[in-house]
file data_12.cif (mmCIF, C-alpha atoms and all ligand atoms)
data_run
loop_
_atom_site.label_atom_id
_atom_site.label_comp_id
_atom_site.auth_asym_id
_atom_site.auth_seq_id
_atom_site.Cartn_x
_atom_site.Cartn_y
_atom_site.Cartn_z
CA MET A 120 -6.44 -78.64 90.26
CA ILE A 121 -9.23 -77.11 88.23
CA TRP A 122 -8.74 -73.51 87.20
CA ASN A 123 -11.34 -71.18 85.86
CA HIS A 124 -11.60 -67.45 85.61
CA ARG A 125 -12.84 -65.90 88.79
CA PRO A 126 -16.43 -64.73 88.25
CA SER A 127 -15.38 -61.17 89.13
CA ASP A 128 -13.09 -61.18 86.07
CA ARG A 129 -15.98 -61.74 83.74
CA PRO A 130 -17.39 -58.89 81.70
CA VAL A 131 -20.95 -57.66 81.82
CA LEU A 132 -23.60 -60.21 80.84
CA GLU A 133 -24.70 -59.70 77.24
CA THR A 134 -26.86 -62.75 76.68
CA SER A 135 -28.09 -65.81 78.48
CA ILE A 136 -25.55 -68.60 77.94
CA PRO A 137 -26.38 -71.90 79.66
CA ALA A 138 -24.17 -72.83 82.61
CA GLY A 139 -21.42 -75.27 81.69
CA VAL A 140 -21.05 -73.92 78.14
CA SER A 141 -17.70 -72.40 77.18
CA PHE A 142 -18.40 -71.51 73.56
CA HIS A 143 -21.84 -70.84 72.13
CA VAL A 144 -21.75 -70.55 68.34
CA GLN A 145 -24.81 -69.33 66.43
CA GLY A 146 -25.27 -69.16 62.67
CA LEU A 147 -21.56 -68.72 62.08
CA SER A 148 -20.51 -68.14 58.49
CA LYS A 149 -17.22 -67.19 56.91
CA VAL A 150 -16.90 -66.20 53.29
CA TYR A 151 -13.56 -65.47 51.67
CA THR A 152 -13.78 -63.29 48.60
CA MET A 153 -11.05 -63.94 46.06
CA GLY A 154 -11.64 -61.51 43.19
CA GLU A 155 -14.89 -62.68 41.62
CA VAL A 156 -14.97 -65.94 43.54
CA GLU A 157 -16.56 -66.44 46.95
CA VAL A 158 -15.36 -69.34 49.08
CA PHE A 159 -17.83 -70.40 51.76
CA ALA A 160 -15.48 -71.70 54.45
CA LEU A 161 -18.23 -71.94 57.10
CA ARG A 162 -21.95 -72.17 56.39
CA SER A 163 -24.19 -71.22 59.31
CA ILE A 164 -22.52 -73.32 61.99
CA ASN A 165 -24.28 -73.89 65.34
CA LEU A 166 -22.27 -75.49 68.13
CA GLU A 167 -21.83 -75.54 71.89
CA VAL A 168 -18.56 -76.49 73.52
CA TYR A 169 -18.93 -77.57 77.13
CA ASP A 170 -16.64 -76.61 79.99
CA GLN A 171 -13.77 -79.06 80.40
CA GLU A 172 -14.76 -81.35 77.54
CA PHE A 173 -12.32 -82.92 75.10
CA MET A 174 -13.73 -82.28 71.62
CA VAL A 175 -12.34 -83.58 68.35
CA ILE A 176 -13.40 -81.81 65.15
CA LEU A 177 -12.95 -84.16 62.26
CA GLY A 178 -13.12 -83.49 58.56
CA PRO A 179 -11.19 -83.61 55.32
CA SER A 180 -8.85 -80.85 54.24
CA GLY A 181 -10.79 -77.73 53.24
CA SER A 182 -13.87 -78.57 55.32
CA GLY A 183 -13.55 -75.43 57.47
CA LYS A 184 -11.94 -76.80 60.64
CA SER A 185 -9.11 -74.26 60.90
CA THR A 186 -11.43 -71.39 60.06
CA LEU A 187 -13.74 -72.42 62.89
CA LEU A 188 -10.87 -72.92 65.34
CA ASN A 189 -9.34 -69.56 64.45
CA ILE A 190 -12.64 -67.77 65.01
CA LEU A 191 -13.15 -69.55 68.37
CA GLY A 192 -9.64 -68.49 69.38
CA GLY A 193 -10.15 -64.85 68.39
CA LEU A 194 -7.57 -65.06 65.60
CA ASP A 195 -10.15 -64.42 62.90
CA VAL A 196 -13.62 -62.89 62.68
CA PRO A 197 -16.71 -64.35 61.00
CA THR A 198 -18.62 -62.85 58.09
CA SER A 199 -21.89 -63.35 59.99
CA GLY A 200 -23.19 -65.11 63.07
CA GLN A 201 -22.15 -64.94 66.68
CA VAL A 202 -19.62 -66.55 68.99
CA PHE A 203 -19.91 -66.25 72.74
CA PHE A 204 -17.21 -67.32 75.15
CA HIS A 205 -19.28 -67.67 78.29
CA GLU A 206 -21.19 -64.38 78.27
CA ARG A 207 -18.57 -62.50 76.26
CA ASN A 208 -19.63 -61.84 72.66
CA LEU A 209 -16.43 -62.30 70.67
CA THR A 210 -18.06 -61.09 67.48
CA HIS A 211 -18.58 -57.64 69.01
CA ALA A 212 -15.17 -57.49 70.64
CA SER A 213 -12.60 -54.84 69.77
CA ASP A 214 -9.09 -55.84 68.71
CA ALA A 215 -7.84 -55.03 72.21
CA GLU A 216 -10.55 -57.21 73.79
CA LEU A 217 -9.73 -60.09 71.44
CA THR A 218 -6.04 -59.75 72.32
CA ARG A 219 -6.91 -59.89 76.01
CA PHE A 220 -9.17 -62.91 75.43
CA ARG A 221 -6.39 -64.76 73.60
CA ARG A 222 -3.79 -63.84 76.19
CA ASP A 223 -5.85 -64.72 79.25
CA CYS A 224 -8.09 -67.55 78.14
CA VAL A 225 -6.65 -69.46 75.17
CA GLY A 226 -3.67 -71.71 74.58
CA PHE A 227 -2.88 -72.57 70.96
CA ILE A 228 -1.10 -75.66 69.64
CA PHE A 229 -0.25 -75.87 65.95
CA GLN A 230 1.16 -78.61 63.75
CA PHE A 231 4.59 -76.97 63.88
CA TYR A 232 5.94 -76.14 67.29
CA ASN A 233 7.42 -72.65 66.79
CA LEU A 234 9.87 -72.97 69.69
CA ILE A 235 12.72 -70.50 69.97
CA PRO A 236 15.82 -72.49 68.95
CA SER A 237 18.26 -70.60 71.17
CA LEU A 238 16.22 -71.19 74.33
CA THR A 239 15.96 -74.40 76.38
CA ALA A 240 12.65 -76.14 76.99
CA ARG A 241 12.40 -74.45 80.40
CA GLU A 242 13.20 -71.01 78.91
CA ASN A 243 10.72 -71.43 76.07
CA VAL A 244 7.99 -72.00 78.65
CA ALA A 245 9.25 -69.29 81.04
CA LEU A 246 9.08 -66.66 78.31
CA VAL A 247 5.34 -67.01 77.94
CA ILE A 248 4.41 -66.93 81.61
CA GLU A 249 5.97 -63.52 82.07
CA ILE A 250 2.73 -62.01 80.79
CA ALA A 251 0.40 -64.50 82.52
CA ARG A 252 -1.86 -63.60 85.41
CA TYR A 253 -1.79 -66.97 87.18
CA PRO A 254 1.30 -68.71 85.82
CA MET A 255 2.46 -72.22 86.50
CA ARG A 256 6.17 -72.82 87.06
CA PRO A 257 7.83 -74.03 83.82
CA GLU A 258 9.07 -77.15 85.64
CA VAL A 259 5.50 -78.03 86.65
CA ALA A 260 4.17 -77.51 83.12
CA LEU A 261 6.97 -79.59 81.62
CA ASP A 262 6.45 -82.34 84.19
CA LEU A 263 2.78 -82.49 83.27
CA VAL A 264 3.70 -83.35 79.68
CA GLY A 265 6.31 -85.90 80.77
CA LEU A 266 9.42 -83.81 80.09
CA SER A 267 10.87 -83.25 83.55
CA ASP A 268 14.10 -84.88 82.36
CA ARG A 269 14.43 -82.53 79.37
CA LEU A 270 14.25 -79.12 81.07
CA ASP A 271 17.60 -77.88 79.83
CA HIS A 272 17.52 -79.36 76.35
CA PHE A 273 17.37 -77.08 73.33
CA PRO A 274 14.76 -77.77 70.64
CA SER A 275 17.42 -79.24 68.33
CA GLN A 276 18.19 -81.81 71.04
CA LEU A 277 14.55 -82.94 71.22
CA SER A 278 12.49 -85.21 68.98
CA GLY A 279 9.49 -83.78 67.11
CA GLY A 280 7.11 -85.28 69.67
CA GLU A 281 9.12 -83.84 72.55
CA GLN A 282 9.15 -80.42 70.89
CA GLN A 283 5.38 -80.59 70.52
CA ARG A 284 5.10 -81.47 74.23
CA VAL A 285 7.22 -78.40 75.06
CA ALA A 286 4.77 -76.40 72.95
CA ILE A 287 1.90 -77.88 74.98
CA ALA A 288 3.69 -77.01 78.25
CA ARG A 289 4.20 -73.48 76.94
CA ALA A 290 0.52 -73.18 76.02
CA ILE A 291 -0.79 -74.44 79.37
CA ALA A 292 1.69 -72.69 81.69
CA LYS A 293 -0.51 -69.60 81.71
CA ARG A 294 -3.42 -71.86 82.80
CA PRO A 295 -5.72 -71.04 79.89
CA GLU A 296 -9.31 -72.12 80.23
CA VAL A 297 -9.27 -73.40 76.65
CA LEU A 298 -6.68 -75.23 74.57
CA LEU A 299 -7.14 -75.08 70.79
CA CYS A 300 -5.09 -77.58 68.81
CA ASP A 301 -4.73 -77.50 65.03
CA GLU A 302 -3.50 -80.90 63.76
CA PRO A 303 -1.20 -81.34 66.79
CA THR A 304 0.05 -84.73 65.60
CA GLY A 305 0.08 -83.86 61.90
CA ALA A 306 3.88 -83.83 61.65
CA LEU A 307 4.48 -86.81 63.93
CA ASP A 308 4.72 -90.55 63.51
CA TYR A 309 2.19 -92.90 65.11
CA LYS A 310 4.14 -93.56 68.32
CA THR A 311 5.20 -90.00 69.14
CA GLY A 312 1.79 -88.74 68.06
CA LYS A 313 0.24 -90.89 70.78
CA LEU A 314 2.56 -89.43 73.42
CA VAL A 315 1.43 -85.95 72.41
CA LEU A 316 -2.23 -87.03 72.65
CA GLU A 317 -1.51 -88.52 76.10
CA ALA A 318 -0.11 -85.15 77.18
CA LEU A 319 -3.26 -83.39 75.91
CA GLU A 320 -5.49 -85.89 77.71
CA ARG A 321 -3.58 -85.42 80.96
CA VAL A 322 -3.87 -81.61 80.73
CA ASN A 323 -7.60 -81.97 80.09
CA GLN A 324 -8.09 -84.30 83.04
CA GLU A 325 -5.74 -82.73 85.58
CA LEU A 326 -6.25 -79.04 84.83
CA GLY A 327 -9.80 -79.27 83.48
CA THR A 328 -8.75 -77.36 80.36
CA THR A 329 -11.49 -77.38 77.72
CA THR A 330 -9.72 -78.90 74.72
CA ILE A 331 -10.58 -78.81 71.03
CA VAL A 332 -8.44 -80.80 68.60
CA ILE A 333 -9.00 -80.44 64.87
CA THR A 334 -7.73 -83.22 62.67
CA HIS A 335 -8.35 -85.14 59.48
CA ASN A 336 -7.23 -88.30 61.33
CA ALA A 337 -10.40 -90.25 62.24
CA GLY A 338 -8.32 -92.53 64.47
CA ILE A 339 -8.04 -89.78 67.09
CA ALA A 340 -11.81 -89.41 67.49
CA ALA A 341 -12.19 -92.31 69.95
CA MET A 342 -10.38 -90.40 72.74
CA ALA A 343 -12.83 -87.47 72.63
CA ASP A 344 -15.87 -86.82 74.78
CA ARG A 345 -17.60 -85.57 71.61
CA VAL A 346 -16.72 -85.76 67.95
CA VAL A 347 -17.89 -83.06 65.55
CA THR A 348 -17.68 -84.01 61.88
CA MET A 349 -17.44 -81.27 59.26
CA ARG A 350 -17.79 -81.33 55.51
CA SER A 351 -17.80 -78.40 53.07
CA GLY A 352 -18.14 -75.78 55.81
CA GLU A 353 -20.97 -77.54 57.62
CA ILE A 354 -21.30 -79.69 60.70
CA ILE A 355 -22.78 -82.93 59.50
CA ARG A 356 -22.64 -84.90 62.77
CA VAL A 357 -22.04 -84.47 66.51
CA GLN A 358 -21.45 -87.71 68.32
CA HIS A 359 -20.95 -88.49 72.04
CA ASN A 360 -18.45 -91.22 72.80
CA GLN A 361 -20.07 -93.42 75.43
CA ASN A 362 -16.81 -95.25 76.02
CA LYS A 363 -13.88 -93.06 75.11
CA VAL A 364 -10.55 -94.80 74.89
CA SER A 365 -7.11 -93.74 76.10
CA PRO A 366 -4.64 -92.47 73.49
CA ALA A 367 -2.55 -95.63 73.98
CA GLU A 368 -5.45 -97.71 72.64
CA LEU A 369 -6.05 -95.58 69.53
CA GLU A 370 -5.40 -97.13 66.13
CA TRP A 371 -4.83 -95.36 62.86
P1 LIG A 401 -9.52 -77.19 56.95
O1 LIG A 401 -8.91 -76.65 58.19
O2 LIG A 401 -10.65 -78.15 57.22
O3 LIG A 401 -8.51 -77.77 56.01
P2 LIG A 401 -9.92 -74.41 56.21
O4 LIG A 401 -10.72 -73.79 57.29
O5 LIG A 401 -8.45 -74.16 56.22
O6 LIG A 401 -10.22 -75.98 56.16
O7 LIG A 401 -10.48 -73.91 54.80
C1 LIG A 401 -11.86 -73.93 54.47
C2 LIG A 401 -12.03 -73.33 53.07
O8 LIG A 401 -11.73 -71.95 53.11
C3 LIG A 401 -11.11 -73.94 52.04
O9 LIG A 401 -11.81 -74.00 50.82
C4 LIG A 401 -9.98 -72.96 51.97
O10 LIG A 401 -9.37 -72.98 50.70
C5 LIG A 401 -10.68 -71.64 52.23
N1 LIG A 401 -9.81 -70.67 52.88
C6 LIG A 401 -9.23 -70.78 54.10
N2 LIG A 401 -8.51 -69.70 54.42
C7 LIG A 401 -8.62 -68.85 53.36
C8 LIG A 401 -8.11 -67.55 53.06
N3 LIG A 401 -7.35 -66.89 53.93
N4 LIG A 401 -8.43 -67.01 51.88
C9 LIG A 401 -9.22 -67.65 51.00
N5 LIG A 401 -9.75 -68.87 51.22
C10 LIG A 401 -9.45 -69.47 52.38
#
call {"tool": "encode", "arguments": {"input": "data_12.cif", "output": "structure tokens", "more": "lines below"}}
Ligand code: ADP
result
Amino acid sequence: MIWNHRPSDRPVLETSIPAGVSFHVQGLSKVYTMGEVEVFALRSINLEVYDQEFMVILGPSGSGKSTLLNILGGLDVPTSGQVFFHERNLTHASDAELTRFRRDCVGFIFQFYNLIPSLTARENVALVIEIARYPMRPEVALDLVGLSDRLDHFPSQLSGGEQQRVAIARAIAKRPEVLLCDEPTGALDYKTGKLVLEALERVNQELGTTTIVITHNAGIAAMADRVVTMRSGEIIRVQHNQNKVSPAELEW
């Protein structure tokens, strides 16, 4: 099933964003001021993220990946430039509008899973869908990430990779249009990391969730539709993968 926001849910048109574009980023800069020192985390970034694509943003530590992802997800605001999510200008949004955008449209996956230890896998997922508009049953979300036999396990009874897959189920159970993943395999070994990437690929293919994965691991890039390479706050390359490979075939 492919889920998108109903057109009637969309706010008033503010600019002309091409059809099929989820995020339209224009001249985006972020400067952190630390006393006398200015750190240019992002330097005039331009980028379009297409509906339903699987994008990997690659770059060394400190290149600006998390800053960009956090701004796309409405967790942070830029110093200058614009970000549109469809026709919604996130850079002009109020705090309440950003909260609504995050709640309704975005699922986040971080390196550490942040599950509630006293709740089972099923309960961790169920908690989140209470506030969702079009929720998926926790069992369905957990099945999608290959955990239908772990519904009643507590986080301490699950491996790191399984906990990350519960976190993915939790993020997608509200059927977000976009999934933003910050080093989702960063704490995992090669084998369990691949299972997590397989879960992300399946969500992307079966739900049509636009997915952005940031990583310093170049080995992951081959599974993406497009690979964006960052260095020192700039995008230095955007590459289409003509023949993307399945996570099982990745090497790193
Ligand atoms: P990456 O995700 O690629 O590792 P980041 O986006 O985290 O890169 O960081 C980009 C740059 O911005 C780095 O130089 C980092 O030190 C700096 N930076 C990030 N967050 C902050 C912050 N809250 N305050 C000051 N500097 C920051």
call {"tool": "residues_near_point", "arguments": {"input": "data_12.cif", "point": "(5.4, -83.0, 62.1)", "cutoff": "12 Å", "atoms": "all atoms listed in the file", "output": "PyMOL selection string"}}
result
chain A and resi 229-233+278-283+301-309+311-312+315
call {"tool": "closest_atom_pairs", "arguments": {"input": "data_12.cif", "of": "chain A", "to": "ligand LIG 401 (chain A)", "cutoff": "9 Å", "atoms": "only C-alpha atoms and all ligand atoms", "output": "CSV"}}
result
residue,atom,partner,partner_atom,distance
A:Lys149,CA,A:LIG401,O8,8.2
A:Val150,CA,A:LIG401,O8,7.7
A:Tyr151,CA,A:LIG401,C9,4.9
A:Thr152,CA,A:LIG401,C9,6.8
A:Met153,CA,A:LIG401,C9,6.4
A:Glu157,CA,A:LIG401,N5,8.4
A:Val158,CA,A:LIG401,O8,6.0
A:Phe159,CA,A:LIG401,O8,6.4
A:Ala160,CA,A:LIG401,O8,4.0
A:Leu161,CA,A:LIG401,C1,7.2
A:Leu177,CA,A:LIG401,O2,8.2
A:Gly178,CA,A:LIG401,O2,6.0
A:Pro179,CA,A:LIG401,O2,5.8
A:Ser180,CA,A:LIG401,O3,3.6
A:Gly181,CA,A:LIG401,O6,3.5
A:Ser182,CA,A:LIG401,O2,3.8
A:Gly183,CA,A:LIG401,O4,3.3
A:Lys184,CA,A:LIG401,O2,3.9
A:Ser185,CA,A:LIG401,O1,3.6
A:Thr186,CA,A:LIG401,O4,3.7
A:Leu187,CA,A:LIG401,O4,6.5
A:Leu188,CA,A:LIG401,O4,8.1
A:Asn189,CA,A:LIG401,O4,8.4
A:Asp301,CA,A:LIG401,O1,8.1
A:Glu302,CA,A:LIG401,O1,8.9
A:Ile333,CA,A:LIG401,O1,7.7
A:Thr334,CA,A:LIG401,O2,8.0
A:His335,CA,A:LIG401,O2,7.7
A:Met349,CA,A:LIG401,O2,7.7
A:Arg350,CA,A:LIG401,O2,8.0
A:Ser351,CA,A:LIG401,C1,7.6
A:Gly352,CA,A:LIG401,C1,6.7
call {"tool": "atom_distance", "arguments": {"input": "data_12.cif", "atom1": "atom CA of A:Ala318", "atom2": "atom CA of A:Arg284"}}
result
7.0 Å
call {"tool": "atom_distance", "arguments": {"input": "data_12.cif", "atom1": "atom CA of A:Arg256", "atom2": "atom CA of A:Lys293"}}
result
9.1 Å
call {"tool": "closest_residue", "arguments": {"input": "data_12.cif", "among": "A:Lys363, A:Leu246, A:Glu206, A:Arg321", "to": "A:Ala138", "atoms": "all atoms listed in the file"}}
result
A:Glu206
call {"tool": "atom_distance", "arguments": {"input": "data_12.cif", "atom1": "atom CA of A:Asn165", "atom2": "atom CA of A:Arg356"}}
result
11.4 Å
call {"tool": "residues_around", "arguments": {"input": "data_12.cif", "residues": "A:Ala367", "least_positions_apart": "4", "cutoff": "10 Å", "atoms": "all atoms listed in the file", "output": "ChimeraX atom specification"}}
result
/A:310,313-314,316-317,342
call {"tool": "residues_around", "arguments": {"input": "data_12.cif", "residues": "A:Ser141", "least_positions_apart": "4", "cutoff": "8 Å", "atoms": "only C-alpha atoms", "output": "list in words"}}
result
Glu167, Val168, Tyr169, Asp170, Phe203, Phe204, His205 and Thr329 of chain A
call {"tool": "write_last_selection", "arguments": {"input": "data_12.cif", "atoms": "C-alpha atoms", "output": "PDB file, in the coordinates of the input"}}
result
ATOM      1  CA  GLU A 167     -21.830 -75.540  71.890  1.00  0.00           C
ATOM      2  CA  VAL A 168     -18.560 -76.490  73.520  1.00  0.00           C
ATOM      3  CA  TYR A 169     -18.930 -77.570  77.130  1.00  0.00           C
ATOM      4  CA  ASP A 170     -16.640 -76.610  79.990  1.00  0.00           C
ATOM      5  CA  PHE A 203     -19.910 -66.250  72.740  1.00  0.00           C
ATOM      6  CA  PHE A 204     -17.210 -67.320  75.150  1.00  0.00           C
ATOM      7  CA  HIS A 205     -19.280 -67.670  78.290  1.00  0.00           C
ATOM      8  CA  THR A 329     -11.490 -77.380  77.720  1.00  0.00           C
TER       9      THR A 329
END
call {"tool": "residues_around", "arguments": {"input": "data_12.cif", "residues": "A:Ala341", "least_positions_apart": "2", "cutoff": "12 Å", "atoms": "all atoms listed in the file", "output": "ChimeraX atom specification"}}
result
/A:173-177,316,336-339,343-347,358-371
call {"tool": "closest_residue", "arguments": {"input": "data_12.cif", "among": "A:Ile248, A:Leu326, A:Met255, A:Ile164", "to": "A:Ser148", "atoms": "all atoms listed in the file"}}
result
A:Ile164
call {"tool": "residues_near_point", "arguments": {"input": "data_12.cif", "point": "(5.8, -76.1, 74.0)", "cutoff": "10 Å", "atoms": "all atoms listed in the file", "output": "JSON, numbers by chain"}}
result
{"A": [227, 228, 232, 233, 234, 235, 240, 241, 243, 244, 247, 260, 261, 264, 274, 281, 282, 283, 284, 285, 286, 287, 288, 289, 290, 291, 292]}
call {"tool": "write_last_selection", "arguments": {"input": "data_12.cif", "atoms": "C-alpha atoms", "output": "mmCIF file, in the coordinates of the input"}}
result
data_model
loop_
_atom_site.group_PDB
_atom_site.id
_atom_site.type_symbol
_atom_site.label_atom_id
_atom_site.label_comp_id
_atom_site.auth_asym_id
_atom_site.auth_seq_id
_atom_site.Cartn_x
_atom_site.Cartn_y
_atom_site.Cartn_z
ATOM 1 C CA PHE A 227 -2.880 -72.570 70.960
ATOM 2 C CA ILE A 228 -1.100 -75.660 69.640
ATOM 3 C CA TYR A 232 5.940 -76.140 67.290
ATOM 4 C CA ASN A 233 7.420 -72.650 66.790
ATOM 5 C CA LEU A 234 9.870 -72.970 69.690
ATOM 6 C CA ILE A 235 12.720 -70.500 69.970
ATOM 7 C CA ALA A 240 12.650 -76.140 76.990
ATOM 8 C CA ARG A 241 12.400 -74.450 80.400
ATOM 9 C CA ASN A 243 10.720 -71.430 76.070
ATOM 10 C CA VAL A 244 7.990 -72.000 78.650
ATOM 11 C CA VAL A 247 5.340 -67.010 77.940
ATOM 12 C CA ALA A 260 4.170 -77.510 83.120
ATOM 13 C CA LEU A 261 6.970 -79.590 81.620
ATOM 14 C CA VAL A 264 3.700 -83.350 79.680
ATOM 15 C CA PRO A 274 14.760 -77.770 70.640
ATOM 16 C CA GLU A 281 9.120 -83.840 72.550
ATOM 17 C CA GLN A 282 9.150 -80.420 70.890
ATOM 18 C CA GLN A 283 5.380 -80.590 70.520
ATOM 19 C CA ARG A 284 5.100 -81.470 74.230
ATOM 20 C CA VAL A 285 7.220 -78.400 75.060
ATOM 21 C CA ALA A 286 4.770 -76.400 72.950
ATOM 22 C CA ILE A 287 1.900 -77.880 74.980
ATOM 23 C CA ALA A 288 3.690 -77.010 78.250
ATOM 24 C CA ARG A 289 4.200 -73.480 76.940
ATOM 25 C CA ALA A 290 0.520 -73.180 76.020
ATOM 26 C CA ILE A 291 -0.790 -74.440 79.370
ATOM 27 C CA ALA A 292 1.690 -72.690 81.690
#
call {"tool": "closest_residue", "arguments": {"input": "data_12.cif", "among": "A:Phe142, A:Gln324, A:Ile354, A:Gln171", "to": "A:Arg207", "atoms": "only C-alpha atoms"}}
result
A:Phe142
call {"tool": "closest_residue", "arguments": {"input": "data_12.cif", "among": "A:Asp223, A:Glu325, A:Asp262, A:Asp268", "to": "A:Ile250", "atoms": "only C-alpha atoms"}}
result
A:Asp223
call {"tool": "decode", "arguments": {"input": "data_12.cif", "residues": "stretch 198-215 of chain A", "atoms": "N, CA and C atoms", "output": "compact mmCIF listing (two decimals), in the first residue's frame"}}
result
# COMPACT_ATOMS: atom_id res chain seq x y z
N THR A 198 20.03 28.97 9.51
CA THR A 198 20.40 30.37 9.67
C THR A 198 19.87 31.18 8.49
N SER A 199 19.96 30.60 7.29
CA SER A 199 19.38 31.24 6.10
C SER A 199 19.02 30.17 5.09
N GLY A 200 18.25 30.56 4.08
CA GLY A 200 17.80 29.61 3.08
C GLY A 200 16.42 29.10 3.40
N GLN A 201 15.92 28.24 2.53
CA GLN A 201 14.54 27.79 2.64
C GLN A 201 14.45 26.27 2.51
N VAL A 202 13.48 25.70 3.21
CA VAL A 202 13.15 24.29 3.05
C VAL A 202 11.65 24.18 2.86
N PHE A 203 11.26 23.58 1.75
CA PHE A 203 9.84 23.29 1.54
C PHE A 203 9.62 21.80 1.67
N PHE A 204 8.54 21.42 2.34
CA PHE A 204 8.07 20.04 2.30
C PHE A 204 6.78 20.11 1.49
N HIS A 205 6.83 19.57 0.28
CA HIS A 205 5.80 19.86 -0.71
C HIS A 205 5.65 21.39 -0.76
N GLU A 206 4.44 21.90 -0.60
CA GLU A 206 4.31 23.36 -0.71
C GLU A 206 4.40 24.07 0.63
N ARG A 207 4.71 23.31 1.68
CA ARG A 207 4.77 23.91 3.02
C ARG A 207 6.17 24.45 3.28
N ASN A 208 6.29 25.73 3.57
CA ASN A 208 7.59 26.34 3.83
C ASN A 208 7.95 26.13 5.31
N LEU A 209 8.87 25.18 5.55
CA LEU A 209 9.21 24.85 6.94
C LEU A 209 9.96 25.99 7.61
N THR A 210 10.65 26.79 6.80
CA THR A 210 11.45 27.86 7.39
C THR A 210 10.59 29.01 7.90
N HIS A 211 9.33 29.06 7.48
CA HIS A 211 8.42 30.08 8.00
C HIS A 211 7.42 29.51 8.99
N ALA A 212 7.61 28.25 9.34
CA ALA A 212 6.61 27.59 10.19
C ALA A 212 6.78 27.98 11.66
N SER A 213 5.66 28.05 12.35
CA SER A 213 5.72 28.30 13.80
C SER A 213 6.12 27.00 14.50
N ASP A 214 6.44 27.10 15.79
CA ASP A 214 6.78 25.90 16.55
C ASP A 214 5.66 24.88 16.50
N ALA A 215 4.42 25.38 16.63
CA ALA A 215 3.27 24.46 16.62
C ALA A 215 3.14 23.76 15.26
